[in-house]
Amino acid sequence: MDFLLNEDQQMIHDLAQQFAQDVLQPRIDEIEEGVDVQVKDGTMQKQLPQDIYQQMAECGFMGISFPEEYDGMGMGHLEQAIIIKELSRVSPSVGKALDVYILGLEALDLYANDEQKKKWLAPCCRGEQTVSFAFTEPDTGSDPKMLKTRLEKQADGTYKVNGVKRFISNAGYDGPCVLFGLLKDEESGKDLVTGFVVEKFCQGYSVSSPWEKIGYHGSHVWDIFLDDVIITDENILGKPGDGFTQLLGTTAYGKLGFTAVITGTALGTADIALNYCQEKLHRGKPITKFPTTQLRLSTMLTYAHTAELLLLEAADFCDKHHFEPDDIATMREVQAHTAQAKGYAAETATKVATMAVNAMGAYGVCDEYQAERFVRDAAIAPNIEGAGDIQYLIHGMYVGANGNTVFH
Ligand SMILES: Cc1cc2nc3c(=O)[nH]c(=O)nc-3n(C[C@H](O)[C@H](O)[C@H](O)COP(=O)(O)OP(=O)(O)OC[C@H]3O[C@@H](n4cnc5c(N)ncnc54)[C@H](O)[C@@H]3O)c2cc1C
């Protein structure tokens, strides 16, 4: 990728790669199993070792693409994508944890006012608090019209919030949580999708046990229960009714982070398969002598590198097309790029995972040989942060209406 990255970006790439090798690789088992931590509601829960977050924060990874004014590093989406990709190449779990962290910060950076940014964005950029982003509910993962979480305006001007949020990453750690719910418009009676921030473990906030899932064992997801949580106007992002646009805008950039996770997953799977095939002997010679193995290796690497190129192109596009909250046209264009990259990377991660197992035979499905972990993580790729096939629909709808503005 040297031809795409300038000297500073190459240094960031090397730093992230070194971090993955030195800090994450030796602790993979600990990351996947989790460590016991007492969360604020008093329950003991498995979590990613806290010092890994601290070490990432010291390297500036959390705040990489956010303004220096709020203690970020003032760099761009390209640097963000490089870091998440390289961490995910060794630990998709840690890459995923960082991706959702950055998703929450993206919402605050785009839609919070200055006071809110000082209060919630800055400490998260410094790694002192852990942000969450909570859209999904038991009745909706893709459709904002199906939200059930409700904000009710009280006589004293505060809002009472009730609802359940499902599969929320980092919900068991202290820090702000960006949420979406419905608020009835007093005049029209219409339900307005509204973005707001709740401080986790405030009065009325509690979490389930973490969900047991096939992969990303080091990146934990909880259900959040909001039971008469009281917030004020200071917690509302923008104004009531802005929530749908905020959701689209945040995920337009946010899709890039998860694309980086699954691209890293595909590259990491291909790395493992290649190393294995070079070492595994058949009649004294590595199994790379077989045309079947060569075909699989070439196909895996071609898919993974194509996903990487699309990721970097989409990241570069994001940096060159920063949009303000009311600039829907640019937001839609960014979304088309990131959706295309995400759709392809999700498909790639699952294809490469299957090919790696076929190239490695029985060893591919045994946890000692590492590919098995990547295969489990890849299985999640098309199913979160917006379902995989919907990404192609978003991209297809955009090019159908506007022509191919992506590559022309
Ligand atoms: C590890 C993990 C971490 C997560 N972290 C978070 C988080 O931090 N915050 C958060 O809010 N959520 C999070 N989620 C939830 C996740 O983002 C959603 O589950 C996901 O977006 C899909 O929603 P769903 O499962 O309800 O699928 P659904 O919306 O029910 O979709 C299921 C299938 O139906 C089809 N479909 C649905 N709608 C359409 C449509 N309009 N057009 C065509 N086809 C359609 C698609 O094929 C899709 O695959 C996480 C989930 C996991 C597993």
# chains A, B, ... in the order shown; residues from 1 in each chain; ligands from 1

$ residues_near_ligand --ligand "ligand 1" --cutoff "7 Å" --atoms "only C-alpha atoms and all ligand atoms" --output "list in words"
Val100, Ser132, Phe133, Ala134, Phe135, Thr136, Asp139, Thr140, Gly141, Ser142, Asp143, Arg166, Phe167, Ile168, Ser169, Tyr216, Ser219, Val221, Ile380, Asn383, Ile384, Glu385, Gly386, Ala387, Gly388, Asp389 and Ile390 of chain A

$ write_last_selection --atoms "N, CA and C atoms" --output "mmCIF file, in the first residue's frame"
data_model
loop_
_atom_site.group_PDB
_atom_site.id
_atom_site.type_symbol
_atom_site.label_atom_id
_atom_site.label_comp_id
_atom_site.auth_asym_id
_atom_site.auth_seq_id
_atom_site.Cartn_x
_atom_site.Cartn_y
_atom_site.Cartn_z
ATOM 1 N N VAL A 100 -16.402 0.470 17.385
ATOM 2 C CA VAL A 100 -17.670 0.969 17.948
ATOM 3 C C VAL A 100 -17.435 2.170 18.854
ATOM 4 N N SER A 132 -20.494 4.534 24.053
ATOM 5 C CA SER A 132 -21.285 3.528 23.316
ATOM 6 C C SER A 132 -22.221 4.237 22.358
ATOM 7 N N PHE A 133 -22.710 3.484 21.391
ATOM 8 C CA PHE A 133 -23.653 4.000 20.401
ATOM 9 C C PHE A 133 -24.802 2.997 20.364
ATOM 10 N N ALA A 134 -26.023 3.443 20.695
ATOM 11 C CA ALA A 134 -27.112 2.475 20.882
ATOM 12 C C ALA A 134 -28.306 2.800 20.007
ATOM 13 N N PHE A 135 -28.415 2.070 18.913
ATOM 14 C CA PHE A 135 -29.596 2.177 18.052
ATOM 15 C C PHE A 135 -30.468 0.924 18.168
ATOM 16 N N THR A 136 -29.843 -0.252 18.026
ATOM 17 C CA THR A 136 -30.590 -1.521 17.900
ATOM 18 C C THR A 136 -31.490 -1.783 19.112
ATOM 19 N N ASP A 139 -36.914 -5.046 18.632
ATOM 20 C CA ASP A 139 -37.787 -5.049 17.448
ATOM 21 C C ASP A 139 -37.189 -4.349 16.238
ATOM 22 N N THR A 140 -35.985 -3.854 16.328
ATOM 23 C CA THR A 140 -35.389 -3.235 15.141
ATOM 24 C C THR A 140 -33.859 -3.256 15.171
ATOM 25 N N GLY A 141 -33.317 -3.606 13.992
ATOM 26 C CA GLY A 141 -31.874 -3.517 13.816
ATOM 27 C C GLY A 141 -31.566 -2.648 12.617
ATOM 28 N N SER A 142 -32.535 -2.488 11.729
ATOM 29 C CA SER A 142 -32.276 -1.756 10.495
ATOM 30 C C SER A 142 -33.272 -0.623 10.245
ATOM 31 N N ASP A 143 -34.374 -0.577 10.979
ATOM 32 C CA ASP A 143 -35.444 0.352 10.613
ATOM 33 C C ASP A 143 -35.790 1.332 11.754
ATOM 34 N N ARG A 166 -30.580 -3.248 22.373
ATOM 35 C CA ARG A 166 -30.049 -4.626 22.261
ATOM 36 C C ARG A 166 -28.655 -4.650 21.637
ATOM 37 N N PHE A 167 -27.832 -5.576 22.068
ATOM 38 C CA PHE A 167 -26.493 -5.835 21.483
ATOM 39 C C PHE A 167 -25.614 -4.571 21.492
ATOM 40 N N ILE A 168 -25.559 -3.852 22.592
ATOM 41 C CA ILE A 168 -24.809 -2.593 22.576
ATOM 42 C C ILE A 168 -23.379 -2.816 23.070
ATOM 43 N N SER A 169 -22.438 -2.530 22.176
ATOM 44 C CA SER A 169 -21.025 -2.732 22.494
ATOM 45 C C SER A 169 -20.603 -1.735 23.574
ATOM 46 N N TYR A 216 -15.875 -12.385 17.938
ATOM 47 C CA TYR A 216 -15.566 -11.137 18.659
ATOM 48 C C TYR A 216 -15.703 -11.345 20.166
ATOM 49 N N SER A 219 -14.915 -8.460 22.383
ATOM 50 C CA SER A 219 -15.682 -7.218 22.244
ATOM 51 C C SER A 219 -17.112 -7.529 22.695
ATOM 52 N N VAL A 221 -21.034 -7.318 24.113
ATOM 53 C CA VAL A 221 -22.287 -6.599 23.856
ATOM 54 C C VAL A 221 -23.322 -6.946 24.924
ATOM 55 N N ILE A 380 -19.627 -13.045 11.592
ATOM 56 C CA ILE A 380 -20.456 -11.916 12.057
ATOM 57 C C ILE A 380 -20.441 -10.769 11.039
ATOM 58 N N ASN A 383 -23.458 -9.222 9.280
ATOM 59 C CA ASN A 383 -24.692 -9.151 10.070
ATOM 60 C C ASN A 383 -24.802 -7.974 11.026
ATOM 61 N N ILE A 384 -23.791 -7.144 11.117
ATOM 62 C CA ILE A 384 -23.901 -6.039 12.087
ATOM 63 C C ILE A 384 -23.522 -4.691 11.469
ATOM 64 N N GLU A 385 -23.847 -3.659 12.251
ATOM 65 C CA GLU A 385 -23.689 -2.270 11.800
ATOM 66 C C GLU A 385 -24.326 -2.113 10.416
ATOM 67 N N GLY A 386 -25.536 -2.626 10.300
ATOM 68 C CA GLY A 386 -26.234 -2.627 9.020
ATOM 69 C C GLY A 386 -25.950 -3.932 8.295
ATOM 70 N N ALA A 387 -27.010 -4.678 7.970
ATOM 71 C CA ALA A 387 -26.828 -5.990 7.334
ATOM 72 C C ALA A 387 -26.095 -5.840 5.995
ATOM 73 N N GLY A 388 -25.287 -6.874 5.632
ATOM 74 C CA GLY A 388 -24.402 -6.821 4.468
ATOM 75 C C GLY A 388 -25.124 -6.540 3.160
ATOM 76 N N ASP A 389 -26.249 -7.244 2.931
ATOM 77 C CA ASP A 389 -26.917 -7.046 1.633
ATOM 78 C C ASP A 389 -27.523 -5.648 1.528
ATOM 79 N N ILE A 390 -27.902 -5.067 2.688
ATOM 80 C CA ILE A 390 -28.471 -3.712 2.646
ATOM 81 C C ILE A 390 -27.403 -2.703 2.181
#

$ residues_around --residues "Thr405 of chain A" --least-positions-apart "4" --cutoff "12 Å" --atoms "only C-alpha atoms" --output "list in words"
Phe317, Thr330, Arg332, Glu333, Val334, Ala336, His337, His395, Gly396, Tyr398, Val399, Gly400 and Ala401 of chain A

$ residues_around --residues "Gln10 of chain A" --least-positions-apart "4" --cutoff "12 Å" --atoms "only C-alpha atoms" --output "list in words"
Met1, Asp2, Phe3, Leu4, Leu5, Asn6, Asp14, Leu15, Ala16, Gln17, Leu78, Glu79, Ile82, Ile83 and Glu86 of chain A

$ residues_around --residues "Leu24 of chain A" --least-positions-apart "4" --cutoff "9 Å" --atoms "only C-alpha atoms" --output "CSV table (one decimal) with N, CA and C atoms, in the first residue's frame"
chain,number,residue,atom,x,y,z
A,19,PHE,N,2.0,-2.4,17.4
A,19,PHE,CA,1.1,-2.5,18.6
A,19,PHE,C,0.4,-3.9,18.6
A,20,ALA,N,-0.1,-4.3,17.4
A,20,ALA,CA,-0.8,-5.5,17.3
A,20,ALA,C,0.1,-6.7,17.6
A,28,ILE,N,-3.7,-12.8,23.2
A,28,ILE,CA,-4.9,-13.2,22.5
A,28,ILE,C,-5.9,-14.0,23.4
A,31,ILE,N,-7.5,-11.8,25.9
A,31,ILE,CA,-8.5,-10.9,25.2
A,31,ILE,C,-9.8,-11.7,24.9
A,52,ILE,N,-5.6,-2.5,28.0
A,52,ILE,CA,-5.5,-2.5,26.5
A,52,ILE,C,-6.1,-1.2,26.0
A,87,LEU,N,-4.9,-3.5,13.6
A,87,LEU,CA,-5.2,-4.2,14.9
A,87,LEU,C,-6.1,-5.4,14.6
A,90,VAL,N,-4.7,-8.9,13.6
A,90,VAL,CA,-4.2,-9.8,14.7
A,90,VAL,C,-5.4,-10.1,15.6
A,91,SER,N,-6.2,-9.1,16.0
A,91,SER,CA,-7.3,-9.3,16.9
A,91,SER,C,-8.5,-8.6,16.4
A,94,VAL,N,-10.4,-6.7,19.2
A,94,VAL,CA,-9.9,-5.4,19.7
A,94,VAL,C,-10.3,-4.4,18.6

$ select_by_dssp --residues "segment 123-164 of chain A" --states "helix (DSSP H, G or I)" --output "number ranges by chain"
A: 123-125, 144-146

$ write_last_selection --atoms "N, CA and C atoms" --output "PDB file, in the first residue's frame"
ATOM      1  N   PRO A 123     -13.155  13.641  27.025  1.00  0.00           N
ATOM      2  CA  PRO A 123     -12.653  12.552  27.884  1.00  0.00           C
ATOM      3  C   PRO A 123     -12.564  11.212  27.175  1.00  0.00           C
ATOM      4  N   CYS A 124     -13.435  10.993  26.177  1.00  0.00           N
ATOM      5  CA  CYS A 124     -13.370   9.718  25.434  1.00  0.00           C
ATOM      6  C   CYS A 124     -12.174   9.716  24.488  1.00  0.00           C
ATOM      7  N   CYS A 125     -11.866  10.883  23.878  1.00  0.00           N
ATOM      8  CA  CYS A 125     -10.656  10.952  23.032  1.00  0.00           C
ATOM      9  C   CYS A 125      -9.418  10.662  23.880  1.00  0.00           C
ATOM     10  N   PRO A 144     -35.413   2.627  11.613  1.00  0.00           N
ATOM     11  CA  PRO A 144     -35.656   3.602  12.691  1.00  0.00           C
ATOM     12  C   PRO A 144     -37.146   3.783  13.009  1.00  0.00           C
ATOM     13  N   LYS A 145     -38.016   3.462  12.033  1.00  0.00           N
ATOM     14  CA  LYS A 145     -39.454   3.628  12.287  1.00  0.00           C
ATOM     15  C   LYS A 145     -39.956   2.634  13.335  1.00  0.00           C
ATOM     16  N   MET A 146     -39.186   1.582  13.564  1.00  0.00           N
ATOM     17  CA  MET A 146     -39.630   0.532  14.494  1.00  0.00           C
ATOM     18  C   MET A 146     -39.115   0.757  15.926  1.00  0.00           C
TER      19      MET A 146
END

$ closest_atom_pairs --of "segment 201-262 of chain A" --to "segment 372-376 of chain A" --cutoff "12 Å" --atoms "only C-alpha atoms" --output "JSON lines"
{"residue": "A:Lys213", "atom": "CA", "partner": "A:Arg376", "partner_atom": "CA", "distance": 9.3}
{"residue": "A:Ile214", "atom": "CA", "partner": "A:Arg376", "partner_atom": "CA", "distance": 5.8}
{"residue": "A:Gly215", "atom": "CA", "partner": "A:Arg376", "partner_atom": "CA", "distance": 4.8}
{"residue": "A:Tyr216", "atom": "CA", "partner": "A:Arg376", "partner_atom": "CA", "distance": 7.8}
{"residue": "A:His217", "atom": "CA", "partner": "A:Arg373", "partner_atom": "CA", "distance": 9.2}
{"residue": "A:Gly218", "atom": "CA", "partner": "A:Arg373", "partner_atom": "CA", "distance": 11.2}
{"residue": "A:Val261", "atom": "CA", "partner": "A:Phe374", "partner_atom": "CA", "distance": 11.2}
{"residue": "A:Ile262", "atom": "CA", "partner": "A:Phe374", "partner_atom": "CA", "distance": 9.8}

$ atom_distance --atom1 "atom CA of Met75 of chain A" --atom2 "atom CA of His13 of chain A"
13.2 Å

$ closest_residue --among "A:Val357, A:Val131, A:Val352, A:Val35" --to "Gly63 of chain A" --atoms "only C-alpha atoms"
A:Val131

$ residues_around --residues "Ser209 of chain A" --least-positions-apart "5" --cutoff "8 Å" --atoms "only C-alpha atoms" --output "list of chain:residue names"
A:Gln45, A:Trp222, A:Asp223

$ write_last_selection --atoms "C-alpha atoms" --output "PDB file, in the first residue's frame"
ATOM      1  CA  GLN A  45     -18.656  -9.376  34.176  1.00  0.00           C
ATOM      2  CA  TRP A 222     -25.047  -6.076  26.381  1.00  0.00           C
ATOM      3  CA  ASP A 223     -28.721  -5.140  26.403  1.00  0.00           C
TER       4      ASP A 223
END

$ closest_residue --among "A:Ala260, A:Leu248, A:Val207, A:Ala359" --to "Asp326 of chain A" --atoms "only C-alpha atoms"
A:Leu248
